[in-house]
Every structure is written in structure tokens, then in C-alpha cells.
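Chemist: Supplied structure: coords_18.cif, mmCIF, C-alpha atoms and all ligand atoms.
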```
data_model
loop_
_atom_site.label_atom_id
_atom_site.label_comp_id
_atom_site.auth_asym_id
_atom_site.auth_seq_id
_atom_site.Cartn_x
_atom_site.Cartn_y
_atom_site.Cartn_z
CA MET A 1 0.00 0.00 0.00
CA THR A 2 2.72 2.39 1.04
CA GLU A 3 4.63 1.69 -2.12
CA LEU A 4 1.51 2.15 -4.24
CA THR A 5 0.84 5.43 -2.55
CA ARG A 6 4.39 6.58 -3.11
CA ARG A 7 4.16 5.51 -6.69
CA SER A 8 0.93 7.39 -7.25
CA VAL A 9 2.39 10.47 -5.57
CA LEU A 10 5.42 10.26 -7.79
CA ALA A 11 3.21 9.76 -10.82
CA SER A 12 1.01 12.70 -10.00
CA THR A 13 4.07 14.87 -9.33
CA ALA A 14 5.51 13.83 -12.66
CA ALA A 15 2.22 14.56 -14.39
CA ALA A 16 2.08 17.97 -12.77
CA THR A 17 5.66 18.71 -13.82
CA LEU A 18 4.90 17.59 -17.36
CA ALA A 19 1.75 19.68 -17.47
CA THR A 20 3.71 22.73 -16.34
CA ALA A 21 6.36 22.03 -18.97
CA ILE A 22 4.05 21.48 -21.91
CA GLY A 23 1.41 24.00 -20.88
CA PRO A 24 2.87 26.94 -22.83
CA ILE A 25 3.68 24.67 -25.78
CA ALA A 26 0.12 23.38 -25.88
CA LEU A 27 -1.10 26.98 -25.80
CA THR A 28 1.27 27.91 -28.63
CA LEU A 29 0.20 24.89 -30.68
CA SER A 30 -3.48 25.67 -30.29
CA ALA A 31 -2.77 29.28 -31.28
CA ARG A 32 -0.87 28.10 -34.37
CA ALA A 33 -3.63 25.70 -35.39
CA ALA A 34 -5.71 28.74 -36.29
CA ALA A 35 -3.39 29.47 -39.25
CA PRO A 36 -5.24 28.86 -42.51
CA ALA A 37 -4.63 25.48 -44.15
CA ALA A 38 -2.73 25.68 -47.45
CA GLY A 39 -5.52 23.86 -49.25
CA LYS A 40 -3.35 22.74 -52.14
CA GLN A 41 -0.46 20.40 -52.85
CA VAL A 42 3.19 21.48 -53.04
CA PRO A 43 4.85 21.66 -56.50
CA GLY A 44 5.19 18.23 -58.12
CA PHE A 45 8.66 17.88 -59.53
CA TYR A 46 11.48 15.57 -58.49
CA ARG A 47 15.10 15.20 -59.59
CA TYR A 48 17.41 12.24 -59.90
CA LYS A 49 20.56 11.47 -61.82
CA ILE A 50 21.49 8.84 -64.36
CA GLY A 51 25.25 9.16 -64.81
CA ASP A 52 25.87 12.81 -65.68
CA TYR A 53 22.30 13.35 -66.83
CA GLU A 54 19.87 15.19 -64.61
CA ILE A 55 16.33 13.85 -64.85
CA THR A 56 13.37 15.93 -63.68
CA ALA A 57 10.02 14.20 -63.19
CA LEU A 58 7.22 16.72 -63.81
CA ASN A 59 3.75 15.96 -62.51
CA ASP A 60 0.72 17.05 -64.50
CA GLY A 61 -1.96 16.15 -61.96
CA VAL A 62 -4.33 13.22 -62.02
CA TRP A 63 -7.41 11.87 -63.74
CA ASN A 64 -9.71 9.89 -61.46
CA VAL A 65 -11.60 7.54 -63.73
CA GLU A 66 -14.77 5.93 -62.50
CA LEU A 67 -14.09 2.20 -62.34
CA GLN A 68 -16.56 0.30 -64.47
CA ASP A 69 -16.79 -3.21 -65.81
CA GLY A 70 -14.55 -3.36 -68.89
CA PHE A 71 -11.77 -1.13 -67.53
CA VAL A 72 -9.72 -4.30 -67.76
CA LYS A 73 -10.96 -6.06 -70.88
CA ASN A 74 -10.11 -9.59 -69.74
CA ALA A 75 -10.71 -9.43 -65.98
CA ALA A 76 -13.93 -9.39 -63.99
CA LEU A 77 -14.75 -6.20 -62.07
CA PRO A 78 -14.48 -7.85 -58.60
CA ASP A 79 -10.97 -9.09 -59.48
CA VAL A 80 -9.96 -5.58 -60.54
CA GLN A 81 -11.46 -4.12 -57.35
CA LYS A 82 -9.57 -6.69 -55.27
CA ALA A 83 -6.26 -5.82 -56.94
CA LEU A 84 -6.87 -2.16 -56.11
CA SER A 85 -7.95 -2.77 -52.52
CA ASP A 86 -4.95 -5.08 -52.00
CA ALA A 87 -2.82 -2.01 -52.84
CA PHE A 88 -4.83 0.29 -50.54
CA GLN A 89 -6.34 2.08 -53.52
CA PRO A 90 -9.95 3.22 -53.85
CA THR A 91 -12.14 0.69 -55.65
CA ASN A 92 -14.73 3.05 -57.14
CA ILE A 93 -12.20 5.01 -59.18
CA VAL A 94 -8.81 4.37 -60.78
CA ARG A 95 -6.25 7.07 -60.13
CA ILE A 96 -4.35 7.93 -63.30
CA PRO A 97 -1.61 10.45 -62.48
CA PHE A 98 0.54 11.96 -65.25
CA THR A 99 4.31 12.41 -64.91
CA ALA A 100 6.51 13.43 -67.84
CA LEU A 101 10.31 13.60 -67.85
CA ALA A 102 12.84 16.28 -68.67
CA VAL A 103 16.39 15.12 -69.37
CA ASN A 104 19.25 17.59 -69.12
CA THR A 105 22.29 15.97 -70.70
CA GLY A 106 24.54 18.93 -69.91
CA SER A 107 24.43 20.12 -73.51
CA LYS A 108 20.81 19.39 -74.47
CA LEU A 109 17.47 19.78 -72.69
CA ILE A 110 15.01 17.12 -73.84
CA LEU A 111 11.41 16.58 -72.82
CA ILE A 112 9.83 13.14 -73.06
CA ASP A 113 6.09 13.77 -73.52
CA THR A 114 4.32 16.97 -72.52
CA GLY A 115 1.24 16.34 -70.35
CA THR A 116 -2.41 17.11 -70.97
CA GLY A 117 -2.06 20.76 -71.96
CA ALA A 118 -4.48 21.76 -69.18
CA ARG A 119 -7.44 21.32 -71.48
CA THR A 120 -9.07 18.01 -70.60
CA PHE A 121 -9.20 17.02 -66.95
CA PRO A 122 -10.08 19.54 -64.19
CA THR A 123 -7.76 17.76 -61.73
CA ALA A 124 -4.82 17.75 -64.17
CA GLY A 125 -2.87 20.41 -66.06
CA THR A 126 -0.20 21.29 -63.50
CA TYR A 127 2.68 20.59 -65.91
CA MET A 128 3.54 24.21 -66.75
CA ASP A 129 3.41 25.30 -63.10
CA ASN A 130 5.72 22.45 -62.18
CA LEU A 131 8.04 23.18 -65.10
CA ALA A 132 8.34 26.75 -63.79
CA ALA A 133 8.79 25.54 -60.21
CA ALA A 134 11.61 23.30 -61.48
CA GLY A 135 13.26 26.35 -63.07
CA ILE A 136 12.94 25.04 -66.63
CA ASP A 137 12.43 27.74 -69.26
CA PRO A 138 10.22 26.48 -72.13
CA LYS A 139 12.42 28.46 -74.55
CA ALA A 140 15.48 26.52 -73.38
CA VAL A 141 14.05 23.17 -74.49
CA ASP A 142 15.97 21.72 -77.46
CA SER A 143 13.81 18.75 -78.28
CA VAL A 144 10.36 17.39 -77.42
CA VAL A 145 10.23 13.63 -77.91
CA ILE A 146 6.82 11.96 -78.00
CA SER A 147 6.09 8.35 -77.01
CA HIS A 148 2.64 8.05 -78.61
CA PHE A 149 -0.31 10.17 -79.68
CA HIS A 150 -2.78 9.88 -76.79
CA LEU A 151 -3.86 13.34 -75.68
CA ASP A 152 -2.26 13.14 -72.23
CA HIS A 153 1.16 12.89 -73.92
CA ILE A 154 0.87 15.36 -76.82
CA ASN A 155 -1.54 18.11 -75.74
CA GLY A 156 1.19 19.97 -73.84
CA ILE A 157 2.86 20.73 -77.19
CA ARG A 158 0.40 23.63 -77.32
CA LEU A 159 -0.82 26.11 -74.73
CA LYS A 160 -4.53 26.68 -74.17
CA ASP A 161 -4.56 29.39 -76.87
CA ASP A 162 -3.07 26.80 -79.29
CA SER A 163 0.28 28.60 -79.56
CA LEU A 164 3.38 26.41 -79.32
CA THR A 165 4.56 25.81 -75.75
CA PHE A 166 8.17 25.20 -76.73
CA PRO A 167 8.60 27.54 -79.69
CA THR A 168 12.27 26.82 -80.41
CA ALA A 169 12.26 23.05 -79.76
CA GLU A 170 12.26 20.39 -82.45
CA VAL A 171 9.44 17.84 -82.11
CA GLN A 172 10.24 14.16 -82.64
CA VAL A 173 7.61 11.44 -82.98
CA PRO A 174 7.63 7.69 -83.69
CA ALA A 175 7.20 7.15 -87.45
CA PRO A 176 4.65 4.31 -87.10
CA GLU A 177 2.56 6.42 -84.72
CA TRP A 178 2.53 9.28 -87.24
CA ALA A 179 1.67 6.89 -90.09
CA PHE A 180 -1.33 5.49 -88.20
CA TRP A 181 -2.93 8.62 -86.78
CA MET A 182 -2.29 10.89 -89.79
CA ASP A 183 -3.86 8.35 -92.18
CA ASP A 184 -7.19 9.83 -93.34
CA GLY A 185 -8.37 6.38 -94.45
CA LYS A 186 -7.83 4.96 -90.97
CA MET A 187 -9.62 7.95 -89.44
CA GLY A 188 -12.58 7.37 -91.76
CA THR A 189 -13.01 3.75 -90.76
CA ALA A 190 -12.11 4.18 -87.06
CA PRO A 191 -14.67 3.27 -84.41
CA GLU A 192 -16.50 6.29 -83.00
CA GLY A 193 -14.52 6.20 -79.75
CA LEU A 194 -11.23 6.73 -81.61
CA LYS A 195 -12.36 9.51 -83.95
CA GLY A 196 -11.82 12.20 -81.29
CA ASN A 197 -8.21 11.13 -80.92
CA PHE A 198 -7.63 11.31 -84.69
CA ALA A 199 -9.05 14.86 -84.65
CA ASN A 200 -6.93 15.84 -81.66
CA VAL A 201 -3.75 14.55 -83.33
CA ARG A 202 -4.52 16.78 -86.32
CA ARG A 203 -5.20 19.80 -84.09
CA VAL A 204 -1.84 19.37 -82.37
CA PHE A 205 0.35 18.55 -85.38
CA SER A 206 -1.21 19.87 -88.60
CA THR A 207 0.36 23.34 -88.63
CA ILE A 208 3.81 22.00 -87.69
CA ALA A 209 3.64 18.81 -89.76
CA LYS A 210 6.49 19.79 -92.07
CA ASP A 211 8.80 20.47 -89.10
CA VAL A 212 8.01 17.33 -87.12
CA LYS A 213 10.85 14.80 -87.23
CA GLN A 214 9.78 11.18 -87.43
CA PHE A 215 12.11 8.55 -85.97
CA GLU A 216 12.16 4.81 -86.47
CA PRO A 217 11.73 2.93 -83.15
CA GLY A 218 15.09 1.59 -82.03
CA LYS A 219 16.88 4.77 -83.10
CA GLU A 220 18.63 7.22 -80.79
CA VAL A 221 16.57 10.43 -80.49
CA ALA A 222 19.15 12.41 -78.49
CA PRO A 223 22.59 11.61 -77.08
CA GLY A 224 22.06 8.63 -74.76
CA ILE A 225 18.28 8.47 -75.30
CA THR A 226 17.21 5.50 -77.40
CA SER A 227 13.67 4.68 -78.44
CA ILE A 228 12.39 1.12 -78.02
CA ALA A 229 9.52 -0.33 -80.07
CA ALA A 230 6.81 -1.02 -77.47
CA TYR A 231 3.69 -1.45 -79.58
CA GLY A 232 0.25 -2.43 -78.30
CA HIS A 233 -0.96 0.41 -76.08
CA THR A 234 -1.02 2.24 -79.41
CA LEU A 235 0.25 0.74 -82.63
CA GLY A 236 3.37 2.94 -82.72
CA HIS A 237 3.98 3.38 -78.97
CA VAL A 238 7.64 3.56 -77.90
CA ALA A 239 9.52 3.35 -74.60
CA PHE A 240 12.91 5.00 -74.06
CA ALA A 241 16.22 3.89 -72.56
CA ILE A 242 18.32 6.67 -71.06
CA ALA A 243 22.02 6.00 -70.54
CA SER A 244 24.89 8.11 -69.27
CA GLY A 245 28.25 6.90 -68.01
CA ASN A 246 27.75 3.43 -66.57
CA GLN A 247 24.14 4.06 -65.50
CA SER A 248 20.93 3.54 -67.40
CA MET A 249 17.18 3.60 -66.88
CA MET A 250 14.08 2.98 -68.92
CA THR A 251 10.80 4.78 -69.14
CA THR A 252 8.16 2.27 -70.15
CA VAL A 253 5.70 5.18 -70.59
CA ASP A 254 2.29 3.50 -71.13
CA ALA A 255 3.46 -0.08 -71.68
CA THR A 256 2.39 -0.46 -68.06
CA THR A 257 -0.15 2.10 -66.88
CA ASN A 258 -1.65 1.58 -63.38
CA PRO A 259 0.99 -0.56 -61.63
CA TYR A 260 -1.40 -2.11 -59.07
CA LEU A 261 -3.35 -3.58 -61.96
CA PHE A 262 -0.93 -4.16 -64.82
CA VAL A 263 2.45 -4.69 -63.13
CA ARG A 264 0.87 -7.16 -60.72
CA ASN A 265 -1.20 -8.72 -63.53
CA PRO A 266 0.79 -8.28 -66.75
CA GLU A 267 -1.71 -10.41 -68.70
CA TRP A 268 -4.50 -7.92 -68.08
CA GLN A 269 -5.47 -5.78 -71.04
CA GLY A 270 -6.47 -2.21 -70.24
CA VAL A 271 -9.35 -0.47 -71.94
CA PHE A 272 -6.87 2.03 -73.44
CA ASP A 273 -4.62 -0.70 -74.89
CA MET A 274 -5.50 -0.57 -78.59
CA ASP A 275 -4.10 -4.05 -79.30
CA GLY A 276 -4.45 -5.92 -76.02
CA ASN A 277 -2.49 -9.05 -76.96
CA MET A 278 0.39 -7.02 -78.34
CA ALA A 279 0.34 -4.77 -75.26
CA VAL A 280 0.68 -7.82 -72.99
CA ASP A 281 3.64 -9.20 -74.98
CA THR A 282 5.36 -5.81 -74.93
CA ARG A 283 4.73 -5.29 -71.21
CA LYS A 284 6.21 -8.68 -70.28
CA ARG A 285 9.22 -8.17 -72.55
CA LEU A 286 10.04 -4.77 -71.03
CA LEU A 287 9.35 -5.78 -67.42
CA ASP A 288 11.45 -8.95 -67.81
CA ARG A 289 14.31 -6.84 -69.12
CA VAL A 290 14.27 -4.19 -66.39
CA ALA A 291 13.83 -6.84 -63.68
CA ALA A 292 16.81 -8.80 -65.00
CA ASP A 293 18.95 -5.65 -65.33
CA LYS A 294 17.80 -4.26 -61.94
CA MET A 295 17.38 -0.99 -63.80
CA LEU A 296 15.55 2.10 -62.56
CA VAL A 297 12.23 2.36 -64.38
CA ALA A 298 9.84 5.26 -64.86
CA GLY A 299 6.16 4.92 -65.78
CA TYR A 300 4.05 7.82 -67.02
CA HIS A 301 1.01 6.81 -64.95
CA TRP A 302 2.76 5.51 -61.84
CA PRO A 303 2.42 7.24 -58.45
CA PHE A 304 4.70 10.28 -58.22
CA PRO A 305 7.66 10.52 -58.62
CA ALA A 306 6.78 7.67 -60.94
CA ALA A 307 10.03 5.73 -60.72
CA GLY A 308 11.10 2.50 -59.10
CA TYR A 309 12.44 -0.99 -59.55
CA ILE A 310 10.64 -4.04 -60.86
CA THR A 311 10.94 -7.49 -59.32
CA LYS A 312 9.26 -10.68 -60.41
CA GLU A 313 6.63 -11.89 -57.97
CA GLY A 314 4.34 -14.88 -58.42
CA SER A 315 2.77 -14.79 -61.86
CA GLY A 316 3.42 -11.06 -62.20
CA TYR A 317 5.75 -8.35 -61.02
CA ARG A 318 6.02 -5.82 -58.22
CA LEU A 319 6.85 -2.12 -58.44
CA ASN A 320 9.24 -1.13 -55.66
CA PRO A 321 9.01 2.67 -55.62
CA ALA A 322 12.30 4.57 -55.58
CA ALA A 323 12.95 6.25 -52.25
CA TRP A 324 12.84 10.08 -52.18
CA SER A 325 16.36 11.39 -51.87
CA SER A 326 17.40 14.83 -50.67
CA ILE A 327 20.68 14.61 -52.56
CA LEU A 328 21.26 14.13 -56.25
ZN ZN B 1 -0.99 7.92 -71.09
#
```
Mind converting the file's structure to C-alpha cells?
Ligand SMILES: [Zn+2]

Modeler:
Amino acid sequence: MTELTRRSVLASTAAATLATAIGPIALTLSARAAAPAAGKQVPGFYRYKIGDYEITALNDGVWNVELQDGFVKNAALPDVQKALSDAFQPTNIVRIPFTALAVNTGSKLILIDTGTGARTFPTAGTYMDNLAAAGIDPKAVDSVVISHFHLDHINGIRLKDDSLTFPTAEVQVPAPEWAFWMDDGKMGTAPEGLKGNFANVRRVFSTIAKDVKQFEPGKEVAPGITSIAAYGHTLGHVAFAIASGNQSMMTTVDATTNPYLFVRNPEWQGVFDMDGNMAVDTRKRLLDRVAADKMLVAGYHWPFPAAGYITKEGSGYRLNPAAWSSIL
């Protein structure tokens, strides 16, 4: 009893001492809590290095797509929902963030894809703000390299008033992608759902068509940046390998979109994969390669900063996100 009493006295003394000590802090904290909340996210850009090259990941916001049956063409809705909930993702929507890359080689500044051009999704269109926050002057860009002609990759070529965003940059596109989307015959016979994309491709490229440089997949598009045929998502879609010194990485762009669905289940065919079977073959080929090479990988629709490492796991793969680093 005596000991208990002593203990409780000691405890109450300690509590009193603590209360005295934290009292002013608690008051200060409650006073500070009245400061207005920021109400918006911090700038979305992130830097890392590959050899001597400085890579900047530039976020363009997100598109939250309502999840419906058919989002994965060859998987049942409950299986898709389970894959999302297993990854702590919402199951009523699919989050589709956009993250493009800038590569500064030391002598050239190259952009790989350009974002949505702030004209389609109300929750996207932060690319230009993030470019500015990253200190990148649009007039300093030497080359804009495009992976494929879906609007979330090409619309940033133009500002909202349709003027060119990067007026002094050359624009490079995959030759098979150009051949498909600029073919009037293919536009005429395209299913209704694709016609809008044909029209958008013409809006973006028609007035600069003679200046656009087409490259054959497999060719180098800038020093150390090599395109890789990665057809399926679109018929001329390319990925890119970026190499400097003894380091290299790959951006798979849209060969693998939402990682919780399509990295985990590489056989699944997304609704935006134009040729589903080809997209699956391409995805497995690229993911096998980067897993074997233990290479850093970027994905245009992966969670920001949209880079990580791929390991094989079960019948699929796992994305192991790269850790944020305060030093380059
Ligand atoms: Zn995309």
C-alpha cells in the first residue's frame, strides 16, 4: 500500500511537472492551429541522376476515372477491385496520375512527352506550373520527344490558346505512330470512340507537320536516349532507354499504366490498350528486361515521382518505388 501510494504520488508529481512544462507549448500549438490550411499540394517535380544526366520528373496532376466493368478487358470487375484494394487504392475510381520527364544531358534539354495541356481534366494540367517551379524555361528546351499520340502525352505541345509551348524546340515522334494517326483512311473507318483522338492529333500537329521529325523505333533520339519499339498500347507506342556513363534507366511510358493492376497482372489488357495481346507481350518483354537488369524504371502513370524498380513476384511483377532522396 505504502509503495503504491508513493508511486501514485510520484506519478502525480511527474504529471504535474509535465503539465507545467508542456502547458505553454500546448497553448502555442493551439494558437498556431488557427493558421489557414494551405488547401493545395506542393509543387510536383522531383530530380534524380542517371550518370551525368539530370532527370526531372514533372507531374501534370491526375485523372480519377470511375471504375466500371470493362476497364480491364479480360478481368472481372471484382478481381480488378480486389487488386486495387490489395494495394490500398480506392475501388470506385482508378487514379491515373501523369508524370513526364525532362532530361538535361549537360548540352541538351530534352522533354519526353508533354502532359495534358491543361485542357481536358479539371484535376490535371499542372505541368507548366511544375516546369516553372523546377526552373525550366520552355524556350530553353531543345527537343520534345513523344512516345505516342494519346492526348495526355501530346496536348502539352500547345498552350490553351493553341500557340506552341516550346517555340524553339524540335518535335520528334515515332514514325509508325505518325503513319497510323495521320492516315485519313484509318480515321474514316475508325470506331466512333477513336475519332476524337484522330481529330486531336490533327489539331496538335497539322500546322507543324512539315517540321516534325519522325524517328524509327530503335533509333537514338538524343545523345544517350534511345527509343524502343513497345507497340500495343497504341500501334506505334515507344519506350525509351536513357544512358549516361555506366548508369541507365528505362521509361516504359504507357506499356504499363496503373501498376497495381498491370504490373501485378501483366496479362491484363487495359481499356486504353489498342491491341491488347500485343500490349501484354510488350509489357512482359520490357518488365522482364528491367527486372533482370535491376534498372531504374519510370512509368508515365505511376504514383509520383513515378520511378522504381521491378521485381518478379508470383505470376506477375512488383513495383518497388524509388525512395525520395534529398541529394542528387
Ligand atoms: Zn498515357

Chemist: Distance limit 8 Å, reference ligand ZN 1 (chain B), atoms considered: only C-alpha atoms and all ligand atoms. Which residues make the cut? Give them as a list in words.

Modeler: Phe98, His150, Leu151, Asp152, His153, Val253, Asp254, Thr257, Tyr300 and His301 of chain A

Chemist: Given only C-alpha atoms as the basis, pick out the residue of A:Val221, A:Ala140, A:Ala57, A:Val201 nearest to Met187 of chain A.

Modeler: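 Comparing A:Val221, A:Ala140, A:Ala57, A:Val201 against Met187 of chain A, the winner is A:Val201.
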
Chemist: Hey, what's within 9 Å of Thr282 of chain A if we count all atoms listed in the file and toss same-chain stuff fewer than 5 positions away? As a ChimeraX atom specification, please?

Modeler: /A:229-233,255,277,287

Chemist: Can you find the residues with an atom no farther than 6 Å from (23.1, 12.5, -71.1), counting all atoms listed in the file, and report them as a VMD selection string?

Modeler: chain A and resid 53 105 224 244

Chemist: Could the residues in this selection be saved with C-alpha atoms as a PDB file, in the coordinates of the input?

Modeler:
```pdb
ATOM      1  CA  TYR A  53      22.300  13.350 -66.830  1.00  0.00           C
ATOM      2  CA  THR A 105      22.290  15.970 -70.700  1.00  0.00           C
ATOM      3  CA  GLY A 224      22.060   8.630 -74.760  1.00  0.00           C
ATOM      4  CA  SER A 244      24.890   8.110 -69.270  1.00  0.00           C
TER       5      SER A 244
END
```

Chemist: From the list A:Val271, A:Met295, A:Met128, A:Ala199, which residue is nearest Phe166 of chain A when using all atoms listed in the file?

Modeler: A:Met128

Chemist: So, counting all atoms listed in the file, which residue among A:Lys49, A:His148, A:Lys284, A:Lys195 is closest to Ser227 of chain A?

Modeler: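 For Ser227 of chain A, the nearest of the candidates is A:His148.
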
Chemist: Report, in Å to a single decimal, how far apart atom CA of Leu164 of chain A and atom CA of Gln214 of chain A are.

Modeler: 18.4 Å

Chemist: Centre and edge lengths of an axis-aligned box around all listed atoms of segment 57-65 of chain A, with 5 Å added on each side, are to be given in Å to one decimal, as AutoDock Vina command-line options.

Modeler:
```
--center_x -0.8 --center_y 12.3 --center_z -63.0 --size_x 31.6 --size_y 19.5 --size_z 13.0
```
